[in-house]
Amino acid sequence: MEQESFLLQARKEKLEKIRSLGVDPYPYRFERTHSLRAVIEGFEDLSSKEEIISLVGRLISLRGHGKTSFAHLTDGRGKLQIYVRQDEVGENAYSLFKLLDVGDFLGVKGGLFRTKTGEPTLKVEEFKLLSKSLRPLPEKWHGLKDKELKYRQRYLDLIANPQTKMVFEKRTEIIRFLRRFLDERGFWEVETPILQPLYGGAFAQPFLTHHQALDQTLFLRIADELYLKRLIVGGLEMVYEFGKDFRNEGMDRTHNPEFTQLELYQAYADYQDIMDLTEEMITGLAQNLNSSFQLNYQGEAIDLSPPWRRLAVKDSLLKWGEVDIERASDEELKELCRSQGIDTTELSGRGKLIEKLLDQLVEPRLRQPTFLIDYPQEISPLAKSHRSKPKVVERFELFIGGLELGNAFTELNDPLEQRKRFQALTTEKGEESKIDEDFLTALEYGMPPTGGLGIGIDRLVMLLTDQPSIRDVILFPQLRPED
RNA sequence: GGGGGCGUAGCUCAGUCGGUAGAGCAACGGCCUUUUAAGCCGUAGGUCGAAGGUUCGAUCCCUUCCGCCCUCACCA
C-alpha cells in the first residue's frame, strides 16, 4: 500500500504539473478521423495521399530519445506507432508530452510515414491529452498472469492480454450469431421474470431475496422454463430468451453461481426436431466462427460434422456399464454403483442410480458430439413420456468434449400428468416444496405439442474458444471477497 | 466439506539447507532527434498473505486463519 501510494504520488504530481500548464487532463472531446485498424488496413492509400488524420488511443509503450519520442497507441481494434519530435510540435507541447505516462489516453493529428524498419507510423503535428492514468499498467512483456488478479480486475486483463479480449469478442460473436439464427427462423426474443415467487424448471438450490413493499420472499430464477411455456400457451409459438440463471450450489470449472442460458421453445415440434435444430445451430455457429467443423478443445480434436451421434441412455449403459437397465434389479444397479465407488446410501429410486451411472460411466466418454437420449422419467418431471419406450421420456442432453451443453425435451403438456409428476417429486423429497399452481392452470388451458431446449452459453463459449474454466469466459466470475 | 499446490516490489519471477531479501520491466533524476522488450549512468521502492508458536534469531520450521488454483464430494 505504501509502495502503491509512492507510484500514485509521482503520477499525481505530474497531473498537477499538467494542470499548471493550463492543460485540462480530462477534456471532453476529440474528433478522430480513422480507427487505428482503418489506418493499418488503408496505410498505403492514406500515406501516398499525404493526408492529415486524427487518431485516438491509449498509450501502451513509450520510448523517449531526448527531443524525440516513439510510442504505441491502441484503441482496442488496432495498434499504431506514433513519432513525436520537438521541432514538429514545439517546445511547450513537447515538454507536455514528457509528462505523459503509459496508460494515458491521447488524441493525435498528423501524417503517415514508414520508419527505417518499415513500421507504419504517424508523425505527430499536434496532440491532446484525453485522460490521465494514475496507476501503472501490468508489465508489457509478460502481461498479467495472476489468475486472481485477472478475475478481480478484468479490465487489466483485457488491457494486458490480447488473448483475453479475443475470447470475449468471440463470446459476443457467438451470442450475436445465435440471436440472428433464431430471429431468421421466426422466433421471438422475450424476457421473463428473474425475481420469482416460486422457482422451478430445474433441480437446484435457489438464491433468496426479499421484496420490501410486498413483504414477500422472492427467488432468483434457476431456469426460465415455466414462464416460457406459459408464453407457448399464450400462442407465441416460437420464443427464446437469453438470460442469467442463478443456482446456489458449489462452484467449479464448469459451474458459476450465475450463468447464461439460452432457452427456446417451439410449438408443434418434438425433441427430434429440436435435435435437428440444435445440430444445425451449433454447426452453423462453428462454421461462422472458425470456418470449420473441426475444433480443438484442451488438446483434443473434435469433429462437429453432422450428423451427430444419437445414443439412447439404455444403450450407453449396455455399452459402458454392461448392464441392461430395463432388466437389472434395483439391487444390481446399486451394486454396479458401488463397484464404481459411488456412495448409494443417499440415493433413492432407479432414476437417481441410473443418473449416477451415466455421470460415472458414460458422460466422461462423450468426447465427440453426442445426443444422449431417452432418460428415465422419474428424473425428468417436465418431459413427455416416450411415445413407444416404457418408463423413459423424450429427452436429450447434448455432450461435446465431455461438457454438458444442453438439455431438451418433448415438453409434457398433459396438465393432469404434470400435476402427478410434481406431486411425486414433493413426496419423494419429503418436504413441502410448493407446486406452481399458476403454471398448471396455464397447462389446463391447453399447451400445444412443444419442443424445448436449454443451452449453457458459458460452456458453449468454453468449447469454441478452447478455455479450460467457466471463469475464463465470464467477464466477472464469482469470487470470495478479499479479506 | 476432504486432499494437494500456491501467496516475495506496481507487474513477471528468483532466493534464503533459519542470520530480516534480489533481477527484469514499470517508477524517479540525468544523457540521447528513426526507436520498438531502445540504450547508457545514477536513485528509490518490500511489516516476504495475516496472526500466533518454536528459536538467541523466522520470509523460511510448526499451528490457525484468509485468498487463488487443481482434485474429490455435493449439485433434475
# chains A, B, ... in the order shown; residues from 1 in each chain; ligands from 1
$ closest_atom_pairs --of "chain A" --to "chain B" --cutoff "9 Å" --atoms "only C-alpha atoms (C1' of nucleotides)" --output "CSV"
residue,atom,partner,partner_atom,distance
A:Gln3,CA,B:G45,C1',6.4
A:Glu4,CA,B:G10,C1',6.5
A:Phe6,CA,B:G45,C1',7.9
A:Leu7,CA,B:A27,C1',6.4
A:Ala10,CA,B:A27,C1',7.9
A:Ser61,CA,B:U36,C1',8.9
A:Arg63,CA,B:U35,C1',6.7
A:Gly64,CA,B:U35,C1',8.2
A:His65,CA,B:C32,C1',5.3
A:Gly66,CA,B:C32,C1',5.1
A:Lys67,CA,B:U33,C1',5.7
A:Thr68,CA,B:U33,C1',5.2
A:Ser69,CA,B:U35,C1',7.8
A:Phe70,CA,B:U35,C1',6.2
A:Ala71,CA,B:U36,C1',8.3
A:His72,CA,B:U36,C1',8.8
A:Gln81,CA,B:U36,C1',8.8
A:Tyr83,CA,B:U34,C1',8.7
A:Arg85,CA,B:U33,C1',6.9
A:Gln86,CA,B:U33,C1',8.2
A:Asp87,CA,B:U33,C1',8.7
A:Thr115,CA,B:U34,C1',5.8
A:Lys116,CA,B:U34,C1',6.0
A:Thr117,CA,B:U34,C1',8.2
A:Arg135,CA,B:G10,C1',7.9
A:Pro136,CA,B:G10,C1',6.1
A:Leu137,CA,B:C11,C1',7.6
A:Pro138,CA,B:C11,C1',4.5
A:Glu139,CA,B:C11,C1',4.5
A:Lys140,CA,B:C25,C1',7.3
A:Trp141,CA,B:A37,C1',6.3
A:His142,CA,B:U12,C1',5.8
A:Gly143,CA,B:C11,C1',7.4
A:Leu144,CA,B:C11,C1',6.9
A:Lys145,CA,B:U12,C1',7.9
A:Asp146,CA,B:C68,C1',8.8
A:Lys147,CA,B:C68,C1',7.2
A:Glu148,CA,B:C68,C1',5.6
A:Gly201,CA,B:A76,C1',8.5
A:Ala202,CA,B:A76,C1',5.4
A:Phe203,CA,B:A76,C1',4.4
A:Ala204,CA,B:C75,C1',7.1
A:Gln205,CA,B:C75,C1',8.8
A:Glu249,CA,B:C75,C1',6.1
A:Gly250,CA,B:C75,C1',6.8
A:Ile379,CA,B:A76,C1',5.7
A:Ser380,CA,B:A76,C1',6.4
A:Pro381,CA,B:A76,C1',8.0
A:Arg480,CA,B:G67,C1',7.7
A:Pro481,CA,B:G67,C1',8.3
A:Glu482,CA,B:G67,C1',6.5
A:Asp483,CA,B:C66,C1',6.2
$ write_last_selection --atoms "N, CA and C atoms" --output "short mmCIF file (atom, residue, chain, number, x, y, z; two decimals), in the first residue's frame"
data_model
loop_
_atom_site.label_atom_id
_atom_site.label_comp_id
_atom_site.auth_asym_id
_atom_site.auth_seq_id
_atom_site.Cartn_x
_atom_site.Cartn_y
_atom_site.Cartn_z
N GLN A 3 3.91 1.37 -1.09
CA GLN A 3 4.52 1.36 -2.41
C GLN A 3 3.57 1.92 -3.45
N GLU A 4 2.33 1.49 -3.36
CA GLU A 4 1.35 1.92 -4.33
C GLU A 4 1.18 3.43 -4.28
N PHE A 6 3.33 5.51 -3.36
CA PHE A 6 4.56 6.08 -3.91
C PHE A 6 4.44 6.24 -5.43
N LEU A 7 3.97 5.18 -6.08
CA LEU A 7 3.80 5.24 -7.53
C LEU A 7 2.67 6.18 -7.93
N ALA A 10 3.78 9.96 -7.75
CA ALA A 10 4.52 10.51 -8.88
C ALA A 10 3.56 10.96 -9.99
N SER A 61 3.05 2.03 -24.90
CA SER A 61 4.50 1.97 -24.75
C SER A 61 5.06 3.34 -25.05
N ARG A 63 8.91 5.38 -25.73
CA ARG A 63 10.36 5.31 -25.84
C ARG A 63 10.87 6.70 -26.16
N GLY A 64 11.36 7.38 -25.12
CA GLY A 64 11.84 8.74 -25.32
C GLY A 64 13.32 8.75 -25.70
N HIS A 65 13.68 9.64 -26.62
CA HIS A 65 15.09 9.77 -27.04
C HIS A 65 15.50 11.22 -26.99
N GLY A 66 15.35 11.84 -25.86
CA GLY A 66 15.69 13.25 -25.78
C GLY A 66 14.61 14.10 -26.41
N LYS A 67 14.94 14.73 -27.54
CA LYS A 67 13.98 15.66 -28.15
C LYS A 67 13.04 14.99 -29.12
N THR A 68 12.98 13.66 -29.04
CA THR A 68 12.04 12.91 -29.89
C THR A 68 11.55 11.69 -29.10
N SER A 69 10.38 11.22 -29.44
CA SER A 69 9.84 10.06 -28.74
C SER A 69 9.06 9.17 -29.69
N PHE A 70 9.16 7.88 -29.46
CA PHE A 70 8.27 6.92 -30.11
C PHE A 70 7.33 6.35 -29.07
N ALA A 71 6.13 6.00 -29.52
CA ALA A 71 5.17 5.39 -28.60
C ALA A 71 4.20 4.56 -29.42
N HIS A 72 3.47 3.68 -28.75
CA HIS A 72 2.40 2.96 -29.42
C HIS A 72 1.07 3.33 -28.80
N GLN A 81 2.12 2.89 -34.18
CA GLN A 81 3.21 3.67 -33.60
C GLN A 81 3.04 5.15 -33.93
N TYR A 83 5.17 9.03 -33.64
CA TYR A 83 6.52 9.61 -33.55
C TYR A 83 6.36 11.09 -33.26
N ARG A 85 8.25 14.71 -32.40
CA ARG A 85 9.51 15.46 -32.43
C ARG A 85 9.27 16.85 -31.88
N GLN A 86 10.25 17.29 -31.10
CA GLN A 86 10.13 18.62 -30.53
C GLN A 86 10.05 19.69 -31.62
N ASP A 87 10.86 19.52 -32.68
CA ASP A 87 10.85 20.55 -33.72
C ASP A 87 9.55 20.52 -34.55
N THR A 115 8.92 4.11 -40.87
CA THR A 115 10.23 4.29 -40.26
C THR A 115 11.26 3.49 -41.05
N LYS A 116 12.50 3.61 -40.62
CA LYS A 116 13.58 2.87 -41.27
C LYS A 116 13.31 1.38 -41.33
N THR A 117 12.68 0.90 -40.27
CA THR A 117 12.41 -0.54 -40.23
C THR A 117 11.11 -0.88 -40.93
N ARG A 135 -2.38 5.03 -12.36
CA ARG A 135 -1.79 3.77 -11.87
C ARG A 135 -1.02 3.08 -12.99
N PRO A 136 0.07 2.41 -12.63
CA PRO A 136 0.85 1.71 -13.66
C PRO A 136 0.11 0.48 -14.18
N LEU A 137 0.19 0.26 -15.47
CA LEU A 137 -0.41 -0.94 -16.07
C LEU A 137 0.49 -2.14 -15.80
N PRO A 138 -0.04 -3.35 -15.91
CA PRO A 138 0.79 -4.54 -15.77
C PRO A 138 1.93 -4.52 -16.79
N GLU A 139 2.94 -5.28 -16.50
CA GLU A 139 4.15 -5.26 -17.30
C GLU A 139 3.89 -5.65 -18.76
N LYS A 140 4.57 -4.92 -19.68
CA LYS A 140 4.24 -5.03 -21.10
C LYS A 140 4.61 -6.38 -21.71
N TRP A 141 5.64 -6.99 -21.21
CA TRP A 141 6.15 -8.19 -21.86
C TRP A 141 5.42 -9.45 -21.43
N HIS A 142 5.27 -9.63 -20.13
CA HIS A 142 4.65 -10.85 -19.63
C HIS A 142 3.14 -10.71 -19.45
N GLY A 143 2.64 -9.47 -19.52
CA GLY A 143 1.21 -9.29 -19.32
C GLY A 143 0.82 -9.53 -17.88
N LEU A 144 -0.45 -9.87 -17.68
CA LEU A 144 -0.97 -10.13 -16.34
C LEU A 144 -1.26 -11.62 -16.26
N LYS A 145 -0.53 -12.32 -15.40
CA LYS A 145 -0.69 -13.78 -15.36
C LYS A 145 -1.46 -14.27 -14.15
N ASP A 146 -1.38 -13.53 -13.07
CA ASP A 146 -2.02 -13.95 -11.82
C ASP A 146 -3.52 -14.12 -12.03
N LYS A 147 -4.00 -15.36 -11.88
CA LYS A 147 -5.41 -15.62 -12.20
C LYS A 147 -6.36 -14.82 -11.33
N GLU A 148 -5.98 -14.70 -10.07
CA GLU A 148 -6.87 -13.96 -9.17
C GLU A 148 -7.01 -12.51 -9.64
N GLY A 201 -38.28 -25.55 -12.87
CA GLY A 201 -37.69 -25.75 -14.19
C GLY A 201 -36.35 -26.45 -14.13
N ALA A 202 -35.84 -26.65 -12.92
CA ALA A 202 -34.59 -27.39 -12.75
C ALA A 202 -34.51 -27.83 -11.30
N PHE A 203 -33.54 -28.66 -10.99
CA PHE A 203 -33.29 -29.05 -9.60
C PHE A 203 -32.07 -28.31 -9.12
N ALA A 204 -32.25 -27.32 -8.27
CA ALA A 204 -31.09 -26.62 -7.72
C ALA A 204 -31.57 -25.75 -6.58
N GLN A 205 -30.67 -25.47 -5.68
CA GLN A 205 -30.98 -24.55 -4.59
C GLN A 205 -31.03 -23.13 -5.15
N GLU A 249 -25.34 -23.37 -5.61
CA GLU A 249 -24.65 -24.66 -5.44
C GLU A 249 -23.15 -24.42 -5.48
N GLY A 250 -22.40 -25.51 -5.48
CA GLY A 250 -20.94 -25.39 -5.50
C GLY A 250 -20.42 -24.76 -6.79
N ILE A 379 -36.52 -38.77 -13.27
CA ILE A 379 -35.63 -37.62 -13.10
C ILE A 379 -35.89 -36.54 -14.15
N SER A 380 -37.05 -36.65 -14.81
CA SER A 380 -37.38 -35.70 -15.88
C SER A 380 -38.83 -35.27 -15.80
N PRO A 381 -39.20 -34.55 -14.77
CA PRO A 381 -40.62 -34.31 -14.49
C PRO A 381 -41.32 -33.38 -15.47
N ARG A 480 -14.63 -15.12 -3.88
CA ARG A 480 -14.81 -14.69 -2.49
C ARG A 480 -14.29 -13.27 -2.35
N PRO A 481 -14.88 -12.51 -1.42
CA PRO A 481 -14.35 -11.16 -1.21
C PRO A 481 -12.93 -11.23 -0.67
N GLU A 482 -12.10 -10.25 -1.05
CA GLU A 482 -10.75 -10.19 -0.49
C GLU A 482 -10.89 -9.76 0.97
N ASP A 483 -10.21 -10.41 1.86
CA ASP A 483 -10.26 -10.09 3.30
C ASP A 483 -11.63 -10.34 3.89
#
$ select_by_dssp --residues "segment 68-312 of chain A" --states "helix (DSSP H, G or I)" --output "number ranges by chain"
A: 86-89, 91-97, 147-152, 154-160, 162-184, 225-233, 271-290
$ atom_distance --atom1 "atom CA of Gln377 of chain A" --atom2 "atom CA of Val393 of chain A"
5.2 Å
$ residues_around --residues "C60 of chain B" --least-positions-apart "3" --cutoff "10 Å" --atoms "only C-alpha atoms (C1' of nucleotides)" --output "short mmCIF file (atom, residue, chain, number, x, y, z; two decimals) with N, CA, C and O atoms (P, O5', C5', C4', C3', O3' and C1' of nucleotides), in the first residue's frame"
data_model
loop_
_atom_site.label_atom_id
_atom_site.label_comp_id
_atom_site.auth_asym_id
_atom_site.auth_seq_id
_atom_site.Cartn_x
_atom_site.Cartn_y
_atom_site.Cartn_z
P U B 16 17.57 -21.02 -1.93
"O5'" U B 16 17.87 -20.47 -0.48
"C5'" U B 16 19.12 -19.84 -0.19
"C4'" U B 16 18.95 -18.95 1.02
"C3'" U B 16 18.42 -19.65 2.27
"O3'" U B 16 19.49 -20.12 3.08
"C1'" U B 16 17.18 -17.66 1.85
P G B 18 16.80 -24.29 7.34
"O5'" G B 18 17.23 -22.77 7.28
"C5'" G B 18 16.34 -21.80 6.79
"C4'" G B 18 16.48 -20.55 7.61
"C3'" G B 18 17.92 -20.14 7.91
"O3'" G B 18 17.99 -18.73 7.93
"C1'" G B 18 16.73 -20.40 9.91
P C B 48 7.04 -8.73 5.62
"O5'" C B 48 7.14 -9.59 4.30
"C5'" C B 48 6.13 -9.48 3.28
"C4'" C B 48 6.35 -10.57 2.28
"C3'" C B 48 6.03 -11.97 2.79
"O3'" C B 48 5.42 -12.69 1.73
"C1'" C B 48 8.26 -11.90 2.03
#
$ atom_distance --atom1 "atom CA of Leu358 of chain A" --atom2 "atom CA of Asp343 of chain A"
14.5 Å
$ residues_around --residues "segment 264-276 of chain A" --least-positions-apart "5" --cutoff "9 Å" --atoms "only C-alpha atoms (C1' of nucleotides)" --output "ChimeraX atom specification"
/A:187,225,228-229,232,235-242,281,307,371,394-396,398,408-411,447-455
$ closest_residue --among "A:Asp303, A:Glu332, A:Glu41, A:Glu397" --to "Gln368 of chain A" --atoms "only C-alpha atoms"
A:Asp303
$ select_by_dssp --residues "segment 96-332 of chain A" --states "strand (DSSP E or B)" --output "number ranges by chain"
A: 105-114, 120-131, 188-189, 195-196, 208-211, 216-220, 238-246, 252, 255, 258-267, 294-297, 300-303, 309-312
$ residues_around --residues "U20 of chain B" --least-positions-apart "6" --cutoff "10 Å" --atoms "only C-alpha atoms (C1' of nucleotides)" --output "list in words"
C48, G57, A58 and U59 of chain B
$ atom_distance --atom1 "atom CA of Ala442 of chain A" --atom2 "atom CA of Glu191 of chain A"
18.0 Å
